[in-house]
Amino acid sequence: MNPFSSGTRLRDMIRAIRACKTAAEERAVVRKECAAIRAAINENDHDYRHRNLAKLMFIHMLGYPTHFGQMECLKSIASAGFPEKRIGYLGLMLLLDERQEVLMLVTNSLKQDLNHTNQYIVGLALCALGNICSAEMARDLAPEVERLLQFRDPNIRKKAALCSIRIIKKVPDLAENFINPAAALLKEKHHGVLITGIQLCTDLCKVSTEALEFFRKKCLDSLVRTLREVVNSPYAPEYDIAGITDPFLHIRLLRLLRVLGHGDVDASDCMNDILAQVATKTESNKNAGNAILYECVETIMSIEDNGGLRVLAINILGRFLSNRDNNIRYVALNMLMKAIAVDAQAVQRHRATILECVKDSDASIRKRALELVYLLINESNVKPLTKELIDYLEVSDQEFKGDLTAKICSIVERFSPEKIWYIDQMLKVLSEAGNFVKDEVWHALIVVISNASDLHGYTVRALFRAFQTSAEQECLVRVAVWCIGEYGDMLVNNVGMLDMEDPITVTESDAVDVVESAIRHHSLDLTTKAMAMIALLKLSSRFPSCSKRIRDIIIQLKGSLVLELQQRSIEFNSILDKHQNIRSALVERMPVLDEATFSGRRAGSLPPTVSTMGGTSLSLPNGVAKPAAAPLVDLLDLSADDAPAPSSSGGDFLQDLLGVDLSPASVQSGTTQAPKAGTDVLLDLLSIGTPPSVQSNSPTLDILSTSQDNKTPVAALDGLNSMPSLPARASSGGSASMMDLLDGFGPTDSPPKPEDNGSAYPSIVAFKSSALKLTFDFSKPPGNPQTTVIQATFTNLSPDVYTDFIFQAAVPKFLQLHLDPASGNTLPASGNGSITQNLRVTNSQHGKKSLVMRIRIAYKVNNKDTLEEGQINNFPRDL
């Protein structure tokens with residue numbers, strides 16, 4: 001016999017396929033067999049049709065196309081004999097699905113077979129319909145299926161119930177036709193029919209509120225009675241599994257009761273007793289019993305409130321956590337996470353067991369238990385639970401440290417009762433797993449340290465100790481060098497010693513050693529080394545005796561291959577050599593960082609970022625430019641919670657910022673341009689040295705100058721503390737306007753004094769509130785009509801003295817703004833004195849555009865921070 005003919009037996013084809021050594025050989029065998037089957041189909045071979053269909057099904061399961069044999073299935077189904085119909089229906093279910101158009105041709109055959117006198121043929125039709133029924137077939141054949149729910153044979157009733165489930169899922173409108181037949185199935189004694197009837201009722205309740213109400217009123221008592229009979233039934237060999245009578249029926253009944261009791265107090269009351277009986281009588285030493293208990297717990301948690309039952313259910317879950325089977329423990333943890341929302345106090349009783357699960361060897365259980373512990377923590381238990389987690393952090397696996405660290409940091413931040421505890425716990429985490437801590441975590445720690453003025457000494461000493469043992473933890477090193485740079489004098493002088501502290505002796509040289517080791521350490525990244533350089537520059541003022549050593553360290557980095565370090569080295573050396581007169585002011589301590597602003601930015605409540613040409617994201621709230629990667633350095637604090645969010649275009653952003661019309665029609669070029677590649681972010685930040693080539697019509701901001709008692713560049717330099725990188729400014733044709741970054745603040749670079757050029761400009765009241773008045777007086781230098789010198793005079797209208805007075809301003813890009821230091825930072829009360837400050841504004845669009853300016857004035861009244869904001873649009877037009 002030809003090995004590839006329609007007469008070949010199925011087993012011979014399977015043997016030939018399995019004997020293939022390569023995929024190519026297998027494809028060749030399948031291709032020849034498919035060719036033989038096609039030939040038999042074309043010859044209309046009746047004798048071997050069933051064999052060919054069997055072969056096609058095997059080939060289909062191997063993943064090869066068999067669409068050419070679909071019509072053979074329909075022909076076999078139309079045959080009169082049971083064997084042909086059986087292979088035809090089997091092929092129909094395997095080779096076709098409900099999306100095939102050819103399936104419409106089989107509807108008539110199915111209708112005839114559902115009415116057949118042979119119950120086995122009826123069963124074949126029901127089985128096929130339940131697997132591949134489409135919506136059209138469901139509508140056509142639903143009456144036959146509904147009739148078969150009352151058939152004399154229990155197997156047919158069971159298959160009809162399963163087929164009904166498919167029909168109501170495909171066509172929910174037909175659900176009302178099956179309500180009464182489904183209710184009749186709940187009285188069955190045959191467990192197979194009863195299970196399928198219960199499942200049909202459950203699905204009817206999900207798709208029809210009418211069915212749900214019907215079963216609550218008519219069938220709830222009988223369901224409770226059935227469950228009680230099953231629970232109390234004696235040993236039945238036919239249904240017994242591990243000593244439990246039909247656990248599958250238990251579970252189906254519990255699921256239907258869960259649906260009926262949800263949202264209905266009366267229905268929940270009816271089932272309380274039997275649920276308590278199931279929960280207490282079911283044995284938990286076998287898997288079948290645990291399955292019933294789990295479903296019982298889920299039902300108790302889903303129905304309406306019964307405190308005693310819920311405590312019982314949560315106690316069952318607590319027992320599950322002690323089980324040796326990991327699957328049981330995992331599902332118990334999942335269920336406890338849902339139970340917290342219902343009865344957190346009952347879950348808290350199992351806190352110790354849940355903590356043990358965090359230390360489990362199974363990674364899935366560890367992660368789920370950690371999420372559950374996170375939900376359990378509140379103000380009353382945060383300290384012991386955090387201690388347990390930090391203790392485990394010391395011995396946990398490396399792959400688990402990341403998740404564990406993130407959860408601990410979030411817990412400490414959310415529930416910290418006091419700042420000293422927060423700082424202590426964060427230092428422990430940084431010491432154990434600092435390399436797994438995200439940037440926003442140590443940023444937040446620095447913000448908290450900055451605000452805890454009475455803990456500065458304690459914190460810097462704790463960080464110094466931690467650095468000695470954990471110098472490999474990068475985030476710890478960053479926080480340590482920042483604090484030593486800011487509070488190094490407190491470290492050396494033991495300022496702010498607490499009773500709990502052990503005495504520590506640290507010399508100035510020791511403090512410098514720590515910062516120098518951070519720079520020298522080969523594994524630390526650029527951000528850490530840049531922060532260490534800032535700390536050294538600050539220590540040069542704090543520790544005069546180490547100034548020469550610090551200068552030598554900084555000079556050594558002039559030859560660094562990393563451009564960022566090289567640039568910082570040159571600039572800082574310039575400060576040490578040329579600018580001794582401003583160094584002490586330049587490197588004084590950072591102002592207190594605003595926790596509310598930082599938290600708002602982390603939560604996303606402040607304006608988003610604006611993309612620049614270089615791909616760097618700069619957050620520009622109210623005219624302050626700073627890297628988005630360093631949110632803690634909002635040094636000038638120009639962000640406002642009520643600032644409008646910038647739109648995607650630069651023009652709209654500036655229009656929102658300044659409240660002026662900068663639409664394309666008002667811009668001379670008629671287009672909105674992005675900042676040119678030569679624009680230097682830092683020079684724009686300080687408003688110095690911008691060459692004419694950069695003064696385009698681009699509506700980006702020439703952000704601001706600020707003054708605080710002759711300390712104009714202080715905040716700008718501190719801004720380097722967290723900047724990952726700042727591009728070097730290239731000179732263009734040796735232009736004198738491209739001044740050295742820091743030389744622009746030297747003593748020889750004083751702005752021209754205002755001179756009267758004969759043109760009289762009236763004074764204006766630029767800003768006035770109930771507490772403050774700002775007056776502008778204008779003058780122009782001779783021969784320079786683009787430049788305007790403004791003398792700002794601030795008058796206090798209240799009876800309180802204002803201290804720490806700061807004036808800030810922002811202008812559009814077509815304006816260049818320079819602020820001289822203010823005459824003081826204390827404003828006398830009741831107009832008995834004033835503060836003056838000179839502003840120099842250059843208008844590159846003189847004669848075409850008027851001056852506009854956004855201002856912010858900050859001061860303290862009785863040690864309370866106060867902020868005034870405003871927009872100035874009433875400048876004389878010819879300025």
# chains A, B, ... in the order shown; residues from 1 in each chain; ligands from 1

$ residues_around --residues "Leu103 (chain A)" --least-positions-apart "2" --cutoff "10 Å" --atoms "only C-alpha atoms" --output "list in words"
Gln70, Met71, Leu74, Leu92, Leu96, Asp97, Glu98, Arg99, Gln100, Glu101, Leu105, Val106, Thr107, Ile132, Cys133, Ser134 and Met137 of chain A

$ residues_around --residues "Ser410 (chain A)" --least-positions-apart "5" --cutoff "9 Å" --atoms "only C-alpha atoms" --output "list in words"
Tyr374, Thr405, Phe415 and Val441 of chain A

$ write_last_selection --atoms "all heavy atoms" --output "short mmCIF file (atom, residue, chain, number, x, y, z; two decimals), in the first residue's frame"
data_model
loop_
_atom_site.label_atom_id
_atom_site.label_comp_id
_atom_site.auth_asym_id
_atom_site.auth_seq_id
_atom_site.Cartn_x
_atom_site.Cartn_y
_atom_site.Cartn_z
N TYR A 374 3.08 46.59 53.77
CA TYR A 374 2.98 48.01 53.43
C TYR A 374 1.56 48.54 53.69
O TYR A 374 1.38 49.66 54.17
CB TYR A 374 3.35 48.19 51.96
CG TYR A 374 3.35 49.62 51.49
CD1 TYR A 374 4.37 50.50 51.85
CD2 TYR A 374 2.34 50.10 50.67
CE1 TYR A 374 4.37 51.81 51.41
CE2 TYR A 374 2.33 51.40 50.23
CZ TYR A 374 3.35 52.25 50.61
OH TYR A 374 3.34 53.56 50.18
N THR A 405 13.77 47.98 49.71
CA THR A 405 14.23 49.35 49.98
C THR A 405 13.16 50.37 49.59
O THR A 405 12.90 51.33 50.32
CB THR A 405 15.53 49.62 49.20
OG1 THR A 405 16.52 48.68 49.62
CG2 THR A 405 16.03 51.02 49.45
N PHE A 415 4.75 57.72 57.18
CA PHE A 415 4.27 57.59 58.55
C PHE A 415 5.28 58.05 59.59
O PHE A 415 5.13 57.73 60.77
CB PHE A 415 3.92 56.11 58.82
CG PHE A 415 2.84 55.57 57.94
CD1 PHE A 415 3.14 54.71 56.90
CD2 PHE A 415 1.52 55.94 58.13
CE1 PHE A 415 2.15 54.21 56.08
CE2 PHE A 415 0.52 55.44 57.32
CZ PHE A 415 0.83 54.59 56.29
N VAL A 441 14.38 59.79 46.59
CA VAL A 441 14.41 59.45 48.01
C VAL A 441 15.49 60.25 48.73
O VAL A 441 15.24 60.87 49.77
CB VAL A 441 14.63 57.94 48.19
CG1 VAL A 441 14.83 57.60 49.66
CG2 VAL A 441 13.44 57.16 47.64
#

$ closest_atom_pairs --of "region 425-462 of chain A" --to "region 498-510 of chain A" --cutoff "9 Å" --atoms "only C-alpha atoms" --output "CSV"
residue,atom,partner,partner_atom,distance
A:Leu455,CA,A:Leu498,CA,8.8
A:Tyr458,CA,A:Leu498,CA,7.1
A:Arg461,CA,A:Ile504,CA,7.9

$ residues_around --residues "region 178-184 of chain A" --least-positions-apart "2" --cutoff "10 Å" --atoms "only C-alpha atoms" --output "number ranges by chain"
A: 142-143, 145-150, 161, 164-165, 167-168, 174-176, 186-188, 194, 196-202, 204-205, 208, 210-212, 214-215, 218-219

$ write_last_selection --atoms "C-alpha atoms" --output "compact mmCIF listing (two decimals), in the first residue's frame"
# COMPACT_ATOMS: atom_id res chain seq x y z
CA ALA A 142 -31.96 28.33 21.86
CA PRO A 143 -35.51 26.81 21.88
CA VAL A 145 -31.55 23.69 24.06
CA GLU A 146 -34.17 25.05 26.45
CA ARG A 147 -36.36 22.00 25.73
CA LEU A 148 -33.45 19.63 26.35
CA LEU A 149 -32.98 21.05 29.88
CA GLN A 150 -35.98 18.88 30.79
CA ALA A 161 -27.10 23.31 30.90
CA SER A 164 -27.14 27.22 27.84
CA ILE A 165 -24.25 28.98 29.58
CA ILE A 167 -25.86 30.81 24.69
CA ILE A 168 -26.57 33.42 27.41
CA LEU A 174 -32.07 35.23 25.89
CA ALA A 175 -31.35 34.92 29.63
CA GLU A 176 -34.97 35.36 30.71
CA LEU A 186 -31.42 23.19 41.46
CA LYS A 187 -33.72 20.42 42.74
CA GLU A 188 -31.76 17.67 40.99
CA LEU A 194 -26.84 19.93 39.97
CA THR A 196 -24.08 22.47 35.94
CA GLY A 197 -27.44 23.90 37.02
CA ILE A 198 -25.77 25.93 39.79
CA GLN A 199 -23.21 27.24 37.31
CA LEU A 200 -26.00 28.20 34.89
CA CYS A 201 -27.78 30.10 37.68
CA THR A 202 -24.53 31.88 38.61
CA LEU A 204 -27.65 34.08 34.71
CA CYS A 205 -27.27 36.28 37.81
CA SER A 208 -29.52 39.59 34.28
CA GLU A 210 -34.10 40.00 36.86
CA ALA A 211 -32.60 36.52 37.29
CA LEU A 212 -30.63 37.68 40.33
CA PHE A 214 -35.67 35.76 41.12
CA PHE A 215 -33.07 33.40 42.59
CA LYS A 218 -37.28 31.75 45.13
CA CYS A 219 -34.14 29.63 45.42

$ closest_residue --among "A:Met337, A:Ala858, A:Leu593, A:Ile550" --to "Ala452 (chain A)" --atoms "only C-alpha atoms"
A:Leu593

$ atom_distance --atom1 "CA of Arg86 (chain A)" --atom2 "CA of Cys34 (chain A)"
21.9 Å
